[in-house]
Every structure is written in C-alpha cells, then in structure tokens.
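data36.txt follows; it contains compact mmCIF, C-alpha atoms.
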```txt
# COMPACT_ATOMS: atom_id res chain seq x y z
CA LYS A 1 183.96 66.74 176.65
CA ASP A 2 185.49 64.12 174.39
CA SER A 3 189.15 63.72 173.39
CA LYS A 4 188.76 66.50 170.81
CA GLY A 5 187.24 68.97 173.24
CA ARG A 6 183.71 68.73 171.88
CA LEU A 7 180.72 68.78 174.21
CA VAL A 8 179.06 65.38 174.55
CA LYS A 9 175.51 64.99 175.80
CA ILE A 10 175.15 62.18 178.33
CA ILE A 11 171.83 60.39 178.25
CA ASP A 12 170.77 58.70 181.47
CA ASP A 13 169.02 55.54 180.28
CA ASP A 14 168.31 54.47 183.86
CA GLU A 15 166.39 57.63 184.71
CA GLU A 16 163.07 55.83 184.29
CA GLU A 17 162.54 52.19 185.19
CA MET A 18 160.46 50.65 182.43
CA ASP A 19 158.51 47.50 183.20
CA CYS A 20 157.35 45.56 180.17
CA GLU A 21 155.40 42.33 180.36
CA PHE A 22 157.08 40.39 177.55
CA LEU A 23 160.59 41.11 178.86
CA ASN A 24 159.95 39.49 182.25
CA ASN A 25 161.08 36.06 181.04
CA ARG A 26 162.36 34.36 177.93
CA GLN A 27 159.19 32.44 177.14
CA LEU A 28 157.04 35.58 176.92
CA PHE A 29 159.62 37.20 174.65
CA LEU A 30 159.66 34.05 172.49
CA ASN A 31 155.86 34.14 172.23
CA LEU A 32 156.01 37.77 171.13
CA CYS A 33 158.58 37.02 168.43
CA GLN A 34 156.76 33.92 167.18
CA GLY A 35 153.38 35.64 167.11
CA ASN A 36 154.72 38.58 165.10
CA HIS A 37 157.25 36.59 163.01
CA TYR A 38 160.18 38.52 164.47
CA GLN A 39 163.51 36.91 163.50
CA PHE A 40 167.23 37.48 163.97
CA ASP A 41 168.55 35.20 161.22
CA SER A 42 169.70 38.10 159.03
CA LEU A 43 170.93 41.64 159.63
CA ARG A 44 167.88 43.21 157.99
CA ARG A 45 165.44 41.12 160.04
CA ALA A 46 167.45 41.69 163.23
CA LYS A 47 167.25 45.47 162.73
CA HIS A 48 163.51 45.29 162.12
CA THR A 49 162.94 43.03 165.13
CA SER A 50 165.02 45.26 167.41
CA MET A 51 163.07 48.30 166.25
CA MET A 52 159.73 46.58 166.92
CA VAL A 53 160.83 45.35 170.36
CA LEU A 54 161.75 48.93 171.29
CA TRP A 55 158.40 50.09 169.93
CA HIS A 56 156.56 47.61 172.17
CA LEU A 57 158.73 48.68 175.12
CA HIS A 58 157.83 52.36 174.70
CA ASN A 59 154.18 51.61 173.86
CA ARG A 60 153.31 49.20 176.63
CA ASP A 61 149.55 49.70 176.29
CA ALA A 62 149.55 48.84 172.59
CA PRO A 63 148.57 45.34 171.41
CA LYS A 64 151.51 42.96 171.62
CA PHE A 65 150.60 41.17 168.41
CA VAL A 66 150.50 43.61 165.50
CA GLN A 67 148.18 42.82 162.61
CA GLN A 68 149.31 42.98 158.98
CA CYS A 69 147.31 44.26 156.05
CA ALA A 70 146.23 41.33 153.89
CA LEU A 71 146.63 43.42 150.72
CA CYS A 72 149.86 45.42 151.11
CA SER A 73 151.42 43.22 153.86
CA ARG A 74 152.36 46.27 155.94
CA GLU A 75 152.02 46.23 159.72
CA ILE A 76 149.10 48.28 161.00
CA LEU A 77 150.59 50.32 163.84
CA GLN A 78 148.27 53.33 164.00
CA GLY A 79 145.04 54.78 162.70
CA MET A 80 142.32 52.26 161.90
CA ARG A 81 142.37 48.66 160.83
CA TYR A 82 139.41 46.97 159.18
CA HIS A 83 138.83 43.42 160.36
CA CYS A 84 136.63 40.84 158.69
CA PRO A 85 134.78 38.72 161.30
CA THR A 86 133.77 36.24 158.57
CA CYS A 87 137.21 35.38 157.15
CA ALA A 88 139.72 33.44 159.22
CA ASP A 89 142.48 36.05 159.10
CA PHE A 90 141.77 39.24 157.18
CA ASP A 91 142.73 42.77 158.18
CA MET A 92 142.98 45.82 155.93
CA CYS A 93 144.84 49.05 156.59
CA HIS A 94 143.25 52.47 156.20
CA GLU A 95 145.27 53.31 153.06
CA CYS A 96 144.08 50.21 151.22
CA ARG A 97 140.54 50.78 152.46
CA ARG A 98 140.29 54.21 150.85
CA ASN A 99 142.24 53.30 147.71
CA PRO A 100 139.69 53.25 144.82
CA ASN A 101 141.90 50.95 142.74
CA ILE A 102 141.67 48.09 145.25
CA PRO A 103 138.58 45.84 144.94
CA ARG A 104 136.12 45.94 147.80
CA HIS A 105 136.09 43.05 150.24
CA PRO A 106 132.94 40.90 149.83
CA HIS A 107 132.18 40.82 153.57
CA PRO A 108 131.39 43.74 155.89
CA LEU A 109 134.48 44.99 157.74
CA GLN A 110 134.67 46.12 161.35
CA ALA A 111 136.67 49.30 162.00
CA ILE A 112 139.02 48.91 164.97
CA PRO A 113 141.18 51.81 166.25
CA VAL A 114 144.88 51.02 166.50
CA GLY A 115 147.43 52.95 168.52
CA SER A 116 148.47 53.74 172.06
CA GLN A 117 148.07 56.78 174.22
CA GLN A 118 151.25 55.79 176.01
CA SER A 119 153.45 57.24 173.24
CA ALA A 120 151.78 60.65 173.63
CA LEU A 121 152.69 60.99 177.30
CA THR A 122 155.22 63.65 178.21
CA PRO A 123 158.03 62.94 180.72
CA GLU A 124 156.08 64.86 183.37
CA GLN A 125 152.98 62.75 182.71
CA ARG A 126 155.04 59.56 182.92
CA LYS A 127 156.44 60.64 186.29
CA GLU A 128 152.95 61.52 187.51
CA ARG A 129 151.68 58.12 186.36
CA GLN A 130 154.51 56.37 188.20
CA ARG A 131 153.79 58.40 191.32
CA SER A 132 150.10 57.49 191.11
CA ILE A 133 150.99 53.79 190.90
CA GLN A 134 153.21 54.05 193.99
CA LEU A 135 150.40 55.79 195.89
CA HIS A 136 148.04 52.98 194.95
CA MET A 137 150.62 50.43 196.16
CA THR A 138 150.86 52.23 199.52
CA LEU A 139 147.08 52.40 199.79
CA LEU A 140 146.75 48.70 198.88
CA LEU A 141 149.14 47.67 201.64
CA HIS A 142 147.42 49.96 204.13
CA ALA A 143 143.91 48.70 203.30
CA SER A 144 145.06 45.09 203.62
CA THR A 145 146.27 45.64 207.18
CA CYS A 146 143.77 48.24 208.41
CA ARG A 147 141.07 46.89 210.70
CA SER A 148 139.56 50.21 211.75
CA THR A 149 135.98 50.99 210.77
CA GLU A 150 136.69 54.73 210.94
CA CYS A 151 140.09 55.00 209.25
CA SER A 152 141.54 58.48 208.86
CA SER A 153 142.57 57.70 205.27
CA ALA A 154 139.96 58.98 202.84
CA ASN A 155 140.57 56.24 200.25
CA CYS A 156 140.97 53.32 202.65
CA ALA A 157 137.28 52.41 202.51
CA LYS A 158 137.32 52.54 198.70
CA MET A 159 140.28 50.17 198.48
CA LYS A 160 138.67 47.82 201.01
CA GLY A 161 135.54 47.83 198.85
CA LEU A 162 137.57 46.91 195.77
CA LEU A 163 139.30 44.06 197.60
CA LYS A 164 135.94 42.82 198.89
CA HIS A 165 134.55 42.96 195.38
CA GLY A 166 137.48 40.84 194.15
CA THR A 167 136.64 38.06 196.61
CA GLN A 168 132.87 38.09 195.99
CA CYS A 169 132.63 38.75 192.24
CA LYS A 170 131.35 35.79 190.22
CA ILE A 171 132.46 37.11 186.83
CA LYS A 172 136.14 37.70 187.70
CA ALA A 173 138.74 39.28 185.43
CA ASN A 174 138.72 36.36 182.99
CA GLY A 175 134.98 36.81 182.55
CA GLY A 176 135.34 40.49 181.65
CA CYS A 177 134.74 42.32 184.95
CA ASN A 178 136.52 45.69 184.64
CA VAL A 179 136.74 46.16 188.40
CA CYS A 180 138.40 42.78 188.84
CA LYS A 181 140.83 43.64 186.03
CA ARG A 182 141.88 46.80 187.89
CA ILE A 183 142.31 44.90 191.15
CA TRP A 184 144.29 42.12 189.49
CA ALA A 185 146.58 44.66 187.80
CA LEU A 186 147.29 46.33 191.16
CA LEU A 187 147.95 42.96 192.84
CA GLN A 188 150.38 41.93 190.10
CA ILE A 189 152.32 45.20 190.34
CA HIS A 190 152.50 44.81 194.11
CA ALA A 191 153.62 41.17 193.90
CA LYS A 192 156.50 42.08 191.59
CA GLN A 193 157.77 44.63 194.12
CA CYS A 194 156.94 42.81 197.38
CA LYS A 195 159.74 41.13 199.38
CA GLN A 196 157.84 40.32 202.60
CA GLU A 197 157.80 36.70 203.73
CA ASN A 198 154.20 36.85 204.98
CA CYS A 199 152.57 39.61 202.98
CA PRO A 200 149.05 40.60 204.14
CA VAL A 201 147.95 41.70 200.66
CA PRO A 202 145.43 39.21 199.21
CA ASN A 203 146.84 36.75 196.64
CA CYS A 204 150.31 38.27 196.89
CA MET A 205 151.95 35.00 197.95
CA ALA A 206 150.04 33.05 195.29
CA ILE A 207 151.09 35.44 192.51
CA ARG A 208 154.72 35.34 193.65
CA GLU A 209 154.62 31.54 193.74
CA ARG A 210 153.24 31.51 190.20
CA TYR A 211 156.09 33.78 189.06
CA ARG A 212 158.56 31.47 190.80
CA GLN A 213 157.12 28.42 189.03
CA LEU A 214 157.37 30.21 185.69
CA GLN A 215 161.02 31.02 186.39
CA LEU A 216 161.71 27.38 187.28
CA GLN A 217 160.03 26.22 184.07
CA GLN A 218 162.07 28.71 182.07
CA GLN A 219 165.27 27.59 183.77
CA ALA A 220 164.45 23.94 183.00
CA MET A 221 163.81 24.83 179.35
CA ASP A 222 167.14 26.66 179.17
CA ASP A 223 168.93 23.67 180.75
CA ARG A 224 167.41 21.28 178.22
CA ARG A 225 168.33 23.61 175.37
CA ARG A 226 171.93 23.86 176.55
CA GLN A 227 172.11 20.09 176.99
CA MET A 228 170.88 19.51 173.43
CA MET A 229 173.39 22.03 172.07
CA ASN A 230 176.23 20.35 173.99
CA GLN A 231 175.21 16.96 172.60
CA THR A 232 175.17 18.39 169.07
CA TYR A 233 178.63 19.89 169.51
CA HIS A 234 180.02 16.60 170.87
CA GLN A 235 178.55 14.65 167.95
CA LYS A 236 180.09 17.05 165.42
CA ALA A 237 183.47 16.88 167.18
CA ARG A 238 183.65 13.07 166.86
```

Full structure transcribed into structure tokens:
Amino acid sequence: KDSKGRLVKIIDDDEEEMDCEFLNNRQLFLNLCQGNHYQFDSLRRAKHTSMMVLWHLHNRDAPKFVQQCALCSREILQGMRYHCPTCADFDMCHECRRNPNIPRHPHPLQAIPVGSQQSALTPEQRKERQRSIQLHMTLLLHASTCRSTECSSANCAKMKGLLKHGTQCKIKANGGCNVCKRIWALLQIHAKQCKQENCPVPNCMAIRERYRQLQLQQQAMDDRRRQMMNQTYHQKAR
C-alpha cells in the first residue's frame, strides 16, 4: 500500500532476463540508431526512439532495421511490405499498395512478410523457450566432453553429429547453411554464459576472445570520445 492506503501493484522487471543483440555493446546500439535514423536531440524524437528500442527488445526475432514506405514515410512494422528489386531503395506498405488513388509503381514488386512471432508468445511459452535453450546448453557441454560410443543420453549422438557437421561443412553459416546457423547460434549463447578457463566446447574460447576484443575496441572508442570532449571543454574555458 502507498501513503494513502491504496493498493499498489509491484511489477518485477527482473523476472525474465532478456538478452538482446544490439544492447550488448555501445557500437551495436549506435549502428541500430544510425541505420533507423533514431535520434535523441529533441523530446519528440527521444520518445519515439525509446519506444522503438523497447519494440526491438521485446521483438528480438524481428528485423533490426525497419523499412519505411517510400510514399507515406511510415515505418512498416507488420503485415506485408512490397519491395522493388530494380530501384535502389523502394518499399511500399500494404495500405499504399491497395489504395486506388496512388499510382502504380512501374516495376514489379516483391511481397515480403513483416512481423515477428516473438510478440505472440505467452509468458508460459517464453519460459518453455528459455528452458529449451538451457537444455540445449547442457547437451552441448555434455556432447563436447563425451567420448563414449554408446552414450546413455538419447540426444548425445545428434549433438555430436551437428558439431561434426560444423567442422566439415564447406558452405558454413555465412554461405547460407541452416545447420551451421543453428550450431553457431548455440555456440554464441554458450560462449556468453561460459566462465571456464579451458572450455571443451568447440570455438568457445575463440568466440569469447572476439567478444573481449570488441569490448576493448569499444572502450578505446569511449576513451577517445571522452578525451575529445575534455579538450573541447578546456578550449572553451580559456
């Protein structure tokens, strides 16, 4: 109850730990803001940017860079967007597409679905998804250390097969291999959580070293930015 005796509902914001890619370091967040023209130079723009950042946080599977309609200039967040592969940068929203008063685009447009299934998940489904990820992390660590040919775990052989595929595949995740993309996603989740000095999981140490290098680069950028700001302040004070 508050000072006036009214019941107050307490919301536990830390009930669910939310991991979002663009909030891991400052450079990724800067890329998101620059790519979507998010700004904080006025109150109106700061409110809009804060709203969109929260939208990306709660819709982690949605595209990070939202397209705008070339006709009405509105952001296309759901439904369908119609992209022109001929023009350099042309996307049309569904409302403008079906509006008879708007002239037809001279080139054929490609219909692309926009939206995220993440926003439709219930709290129970989110918890089940988190539990499934933790089970995959446990299985990944087990398969990396298991040397038995007849392991009692039913999924150990499957995980070993995925890891073997990751080492032998010629296409890789960058080339479009869906299996390699799944493996790389699991390895990245594991590397973010792992604290072992000599982790047996493949590429874990390399991924952690890459994250460490990114943090050092970000820290160096922040130091240079602070140094330039201090020099500007000293010059104005003279």

Find the nearest atom pair between each residue of segment 82-177 of chain A and segment 198-213 of chain A for residues within 10 Å, count all atoms listed in the file, give distances in Å to one decimal, sort rows by chain and ascending number, and present the table as a tab-separated table.
```
residue	atom	partner	partner_atom	distance
A:Leu140	CA	A:Val201	CA	7.3
A:Leu141	CA	A:Val201	CA	6.2
A:His142	CA	A:Val201	CA	9.0
A:Ala143	CA	A:Val201	CA	8.5
A:Ser144	CA	A:Val201	CA	5.3
A:Thr145	CA	A:Pro200	CA	6.5
A:Leu163	CA	A:Pro202	CA	8.0
A:Gly166	CA	A:Pro202	CA	9.6
A:Thr167	CA	A:Pro202	CA	9.2
```

Given all atoms listed in the file as the basis, pick out the residue of A:Ser3, A:Ser152, A:Thr138, A:Asn174 nearest to Leu187 of chain A.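 Result for the nearest residue to Leu187 of chain A: A:Thr138.
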
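Of the residues listed (A:Gly5, A:Pro123, A:Pro113, A:Gly35), A:Pro113 shows the shortest atom-to-atom separation from Arg81 of chain A; distances use all atoms listed in the file.
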
Ranking A:Val66, A:Leu109, A:Cys146, A:Ala157 by minimum distance to Cys84 of chain A and counting all atoms listed in the file, which one comes first? A:Leu109

I need every residue sitting at most 12 Å from the point (144.6, 55.1, 160.7) (coordinates as in the file, only C-alpha atoms considered), written as number ranges by chain. A: 75-82, 92-98, 111-115

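Separating atom CA of Met137 of chain A from atom CA of Gln193 of chain A is a distance of 9.4 Å.
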
Interatomic distance, atom CA of Arg45 of chain A to atom CA of Arg74 of chain A (Å, one decimal):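 The value is 14.6 Å.
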
May I ask for the distance between atom CA of Glu124 of chain A and atom CA of Arg60 of chain A, given in Å to one decimal place?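 According to the coordinates, atom CA of Glu124 of chain A and atom CA of Arg60 of chain A are separated by 17.3 Å.
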
Please write out, as AutoDock Vina command-line options, where the centre of an axis-aligned box around all listed atoms of segment 166-183 of chain A lies and how long its edges are, in Å to one decimal, after adding 3 Å on each side.
```
--center_x 136.8 --center_y 41.3 --center_z 189.1 --size_x 17.0 --size_y 17.0 --size_z 21.0
```

Polymer residues at most 9 Å from Ser50 of chain A, all atoms listed in the file, same-chain spacing of 5 or more positions, as a list in words: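 Contacts, in chain order: Tyr38, Phe40, Arg45 and Trp55 of chain A.
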
Using all atoms listed in the file, which protein or nucleic acid residues come within 12 Å of Pro106 of chain A? Drop anything in the same chain fewer than 4 positions from it, and give the result as an NGL selection string. :A and (84-87 or 90)

I need the chosen residues saved as a compact mmCIF listing (two decimals), keeping the file's coordinate frame, with C-alpha atoms.
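Dumped to selection-v9.txt:
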```
# COMPACT_ATOMS: atom_id res chain seq x y z
CA CYS A 84 136.63 40.84 158.69
CA PRO A 85 134.78 38.72 161.30
CA THR A 86 133.77 36.24 158.57
CA CYS A 87 137.21 35.38 157.15
CA PHE A 90 141.77 39.24 157.18
```

Using all atoms listed in the file, which of the listed residues (A:Gln67, A:Ser132, A:Gln110, A:Asn25) sits closest to His83 of chain A?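 The closest residue to His83 of chain A is A:Gln110.
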
From the set A:Leu30, A:Ile102, A:Ala88, A:Met159, which residue has the shortest atom-to-atom contact distance to Leu186 of chain A, counting all atoms listed in the file? A:Met159

12 Å contact set for Gln168 of chain A, all atoms listed in the file, chain neighbours under 4 positions out, as a PyMOL selection string: chain A and resi 161-164+172+177+179-180

Nearest-residue call for Arg104 of chain A, choices A:Asn230, A:Ile171, A:Leu71, A:Lys64, using only C-alpha atoms: A:Leu71

Pull out segment 215-231 of chain A, keep all heavy atoms, and write it as a JSON list (two decimals), in the first residue's frame.
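Dumped everything to decode_36.json:
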```
[["chain", "number", "residue", "atom", "x", "y", "z"],
["A", 215, "GLN", "N", 34.97, -5.53, -26.87],
["A", 215, "GLN", "CA", 34.86, -4.70, -25.68],
["A", 215, "GLN", "C", 36.05, -3.75, -25.56],
["A", 215, "GLN", "O", 35.89, -2.58, -25.18],
["A", 215, "GLN", "CB", 34.74, -5.57, -24.44],
["A", 215, "GLN", "CG", 33.44, -6.33, -24.34],
["A", 215, "GLN", "CD", 33.39, -7.23, -23.12],
["A", 215, "GLN", "OE1", 34.38, -7.37, -22.39],
["A", 215, "GLN", "NE2", 32.25, -7.87, -22.91],
["A", 216, "LEU", "N", 37.26, -4.24, -25.90],
["A", 216, "LEU", "CA", 38.43, -3.38, -25.86],
["A", 216, "LEU", "C", 38.33, -2.26, -26.90],
["A", 216, "LEU", "O", 38.71, -1.11, -26.62],
["A", 216, "LEU", "CB", 39.70, -4.21, -26.08],
["A", 216, "LEU", "CG", 40.07, -5.19, -24.97],
["A", 216, "LEU", "CD1", 41.31, -6.01, -25.37],
["A", 216, "LEU", "CD2", 40.32, -4.46, -23.66],
["A", 217, "GLN", "N", 37.84, -2.60, -28.09],
["A", 217, "GLN", "CA", 37.67, -1.58, -29.12],
["A", 217, "GLN", "C", 36.64, -0.54, -28.68],
["A", 217, "GLN", "O", 36.83, 0.66, -28.89],
["A", 217, "GLN", "CB", 37.23, -2.22, -30.43],
["A", 217, "GLN", "CG", 38.29, -3.10, -31.07],
["A", 217, "GLN", "CD", 37.79, -3.77, -32.33],
["A", 217, "GLN", "OE1", 36.68, -3.48, -32.81],
["A", 217, "GLN", "NE2", 38.58, -4.68, -32.89],
["A", 218, "GLN", "N", 35.56, -1.01, -28.05],
["A", 218, "GLN", "CA", 34.55, -0.07, -27.58],
["A", 218, "GLN", "C", 35.09, 0.83, -26.48],
["A", 218, "GLN", "O", 34.82, 2.03, -26.44],
["A", 218, "GLN", "CB", 33.33, -0.85, -27.07],
["A", 218, "GLN", "CG", 32.17, 0.01, -26.64],
["A", 218, "GLN", "CD", 31.64, 0.84, -27.79],
["A", 218, "GLN", "OE1", 31.38, 0.31, -28.86],
["A", 218, "GLN", "NE2", 31.46, 2.12, -27.58],
["A", 219, "GLN", "N", 35.89, 0.24, -25.59],
["A", 219, "GLN", "CA", 36.48, 1.03, -24.51],
["A", 219, "GLN", "C", 37.45, 2.07, -25.07],
["A", 219, "GLN", "O", 37.49, 3.21, -24.60],
["A", 219, "GLN", "CB", 37.21, 0.11, -23.52],
["A", 219, "GLN", "CG", 37.79, 0.84, -22.32],
["A", 219, "GLN", "CD", 38.45, -0.11, -21.35],
["A", 219, "GLN", "OE1", 38.43, -1.32, -21.54],
["A", 219, "GLN", "NE2", 39.04, 0.43, -20.31],
["A", 220, "ALA", "N", 38.22, 1.69, -26.09],
["A", 220, "ALA", "CA", 39.14, 2.65, -26.71],
["A", 220, "ALA", "C", 38.38, 3.78, -27.39],
["A", 220, "ALA", "O", 38.78, 4.95, -27.32],
["A", 220, "ALA", "CB", 40.03, 1.93, -27.73],
["A", 221, "MET", "N", 37.26, 3.46, -28.04],
["A", 221, "MET", "CA", 36.44, 4.49, -28.67],
["A", 221, "MET", "C", 35.87, 5.44, -27.62],
["A", 221, "MET", "O", 35.84, 6.65, -27.81],
["A", 221, "MET", "CB", 35.32, 3.85, -29.48],
["A", 221, "MET", "CG", 35.78, 3.11, -30.72],
["A", 221, "MET", "SD", 34.44, 2.25, -31.56],
["A", 221, "MET", "CE", 33.34, 3.62, -31.92],
["A", 222, "ASP", "N", 35.42, 4.89, -26.50],
["A", 222, "ASP", "CA", 34.88, 5.73, -25.43],
["A", 222, "ASP", "C", 35.96, 6.63, -24.84],
["A", 222, "ASP", "O", 35.70, 7.80, -24.52],
["A", 222, "ASP", "CB", 34.27, 4.86, -24.33],
["A", 222, "ASP", "CG", 33.03, 4.11, -24.81],
["A", 222, "ASP", "OD1", 32.45, 4.53, -25.82],
["A", 222, "ASP", "OD2", 32.66, 3.10, -24.18],
["A", 223, "ASP", "N", 37.18, 6.09, -24.69],
["A", 223, "ASP", "CA", 38.28, 6.90, -24.16],
["A", 223, "ASP", "C", 38.62, 8.06, -25.10],
["A", 223, "ASP", "O", 38.86, 9.18, -24.65],
["A", 223, "ASP", "CB", 39.52, 6.03, -23.93],
["A", 223, "ASP", "CG", 39.30, 5.03, -22.81],
["A", 223, "ASP", "OD1", 38.39, 5.24, -21.99],
["A", 223, "ASP", "OD2", 40.04, 4.02, -22.76],
["A", 224, "ARG", "N", 38.65, 7.77, -26.41],
["A", 224, "ARG", "CA", 38.93, 8.84, -27.37],
["A", 224, "ARG", "C", 37.82, 9.89, -27.37],
["A", 224, "ARG", "O", 38.09, 11.09, -27.48],
["A", 224, "ARG", "CB", 39.10, 8.24, -28.77],
["A", 224, "ARG", "CG", 40.37, 7.45, -28.97],
["A", 224, "ARG", "CD", 40.64, 7.20, -30.44],
["A", 224, "ARG", "NE", 39.59, 6.41, -31.06],
["A", 224, "ARG", "CZ", 39.60, 5.09, -31.16],
["A", 224, "ARG", "NH1", 40.62, 4.40, -30.65],
["A", 224, "ARG", "NH2", 38.62, 4.45, -31.75],
["A", 225, "ARG", "N", 36.58, 9.43, -27.24],
["A", 225, "ARG", "CA", 35.46, 10.38, -27.21],
["A", 225, "ARG", "C", 35.53, 11.27, -25.98],
["A", 225, "ARG", "O", 35.32, 12.48, -26.06],
["A", 225, "ARG", "CB", 34.15, 9.61, -27.25],
["A", 225, "ARG", "CG", 32.92, 10.49, -27.41],
["A", 225, "ARG", "CD", 31.65, 9.68, -27.50],
["A", 225, "ARG", "NE", 31.62, 8.89, -28.72],
["A", 225, "ARG", "CZ", 31.76, 7.57, -28.75],
["A", 225, "ARG", "NH1", 31.96, 6.90, -27.62],
["A", 225, "ARG", "NH2", 31.72, 6.92, -29.88],
["A", 226, "ARG", "N", 35.84, 10.68, -24.83],
["A", 226, "ARG", "CA", 35.97, 11.48, -23.61],
["A", 226, "ARG", "C", 37.14, 12.45, -23.70],
["A", 226, "ARG", "O", 37.07, 13.59, -23.23],
["A", 226, "ARG", "CB", 36.13, 10.55, -22.39],
["A", 226, "ARG", "CG", 34.83, 9.93, -21.92],
["A", 226, "ARG", "CD", 35.01, 9.27, -20.58],
["A", 226, "ARG", "NE", 35.90, 8.13, -20.67],
["A", 226, "ARG", "CZ", 35.48, 6.87, -20.86],
["A", 226, "ARG", "NH1", 34.19, 6.64, -20.97],
["A", 226, "ARG", "NH2", 36.34, 5.88, -20.91],
["A", 227, "GLN", "N", 38.25, 12.00, -24.31],
["A", 227, "GLN", "CA", 39.41, 12.88, -24.47],
["A", 227, "GLN", "C", 39.09, 14.08, -25.36],
["A", 227, "GLN", "O", 39.47, 15.22, -25.07],
["A", 227, "GLN", "CB", 40.57, 12.08, -25.05],
["A", 227, "GLN", "CG", 41.88, 12.87, -25.14],
["A", 227, "GLN", "CD", 43.01, 12.03, -25.68],
["A", 227, "GLN", "OE1", 42.81, 10.87, -26.02],
["A", 227, "GLN", "NE2", 44.19, 12.60, -25.74],
["A", 228, "MET", "N", 38.35, 13.84, -26.45],
["A", 228, "MET", "CA", 37.97, 14.94, -27.33],
["A", 228, "MET", "C", 37.01, 15.90, -26.63],
["A", 228, "MET", "O", 37.12, 17.12, -26.79],
["A", 228, "MET", "CB", 37.32, 14.38, -28.59],
["A", 228, "MET", "CG", 38.27, 13.60, -29.49],
["A", 228, "MET", "SD", 37.45, 12.91, -30.95],
["A", 228, "MET", "CE", 36.90, 14.41, -31.74],
["A", 229, "MET", "N", 36.10, 15.38, -25.83],
["A", 229, "MET", "CA", 35.18, 16.24, -25.10],
["A", 229, "MET", "C", 35.92, 17.08, -24.07],
["A", 229, "MET", "O", 35.63, 18.27, -23.90],
["A", 229, "MET", "CB", 34.09, 15.40, -24.43],
["A", 229, "MET", "CG", 33.13, 14.72, -25.39],
["A", 229, "MET", "SD", 31.90, 13.68, -24.58],
["A", 229, "MET", "CE", 31.03, 14.91, -23.62],
["A", 230, "ASN", "N", 36.90, 16.47, -23.37],
["A", 230, "ASN", "CA", 37.69, 17.22, -22.39],
["A", 230, "ASN", "C", 38.50, 18.33, -23.07],
["A", 230, "ASN", "O", 38.61, 19.45, -22.54],
["A", 230, "ASN", "CB", 38.62, 16.28, -21.63],
["A", 230, "ASN", "CG", 37.86, 15.34, -20.71],
["A", 230, "ASN", "OD1", 36.75, 15.65, -20.27],
["A", 230, "ASN", "ND2", 38.43, 14.19, -20.44],
["A", 231, "GLN", "N", 39.07, 18.04, -24.25],
["A", 231, "GLN", "CA", 39.80, 19.07, -24.97],
["A", 231, "GLN", "C", 38.89, 20.21, -25.40],
["A", 231, "GLN", "O", 39.28, 21.39, -25.34],
["A", 231, "GLN", "CB", 40.48, 18.44, -26.20],
["A", 231, "GLN", "CG", 41.61, 17.48, -25.85],
["A", 231, "GLN", "CD", 42.20, 16.85, -27.10],
["A", 231, "GLN", "OE1", 41.72, 17.06, -28.21],
["A", 231, "GLN", "NE2", 43.25, 16.04, -26.91]]
```
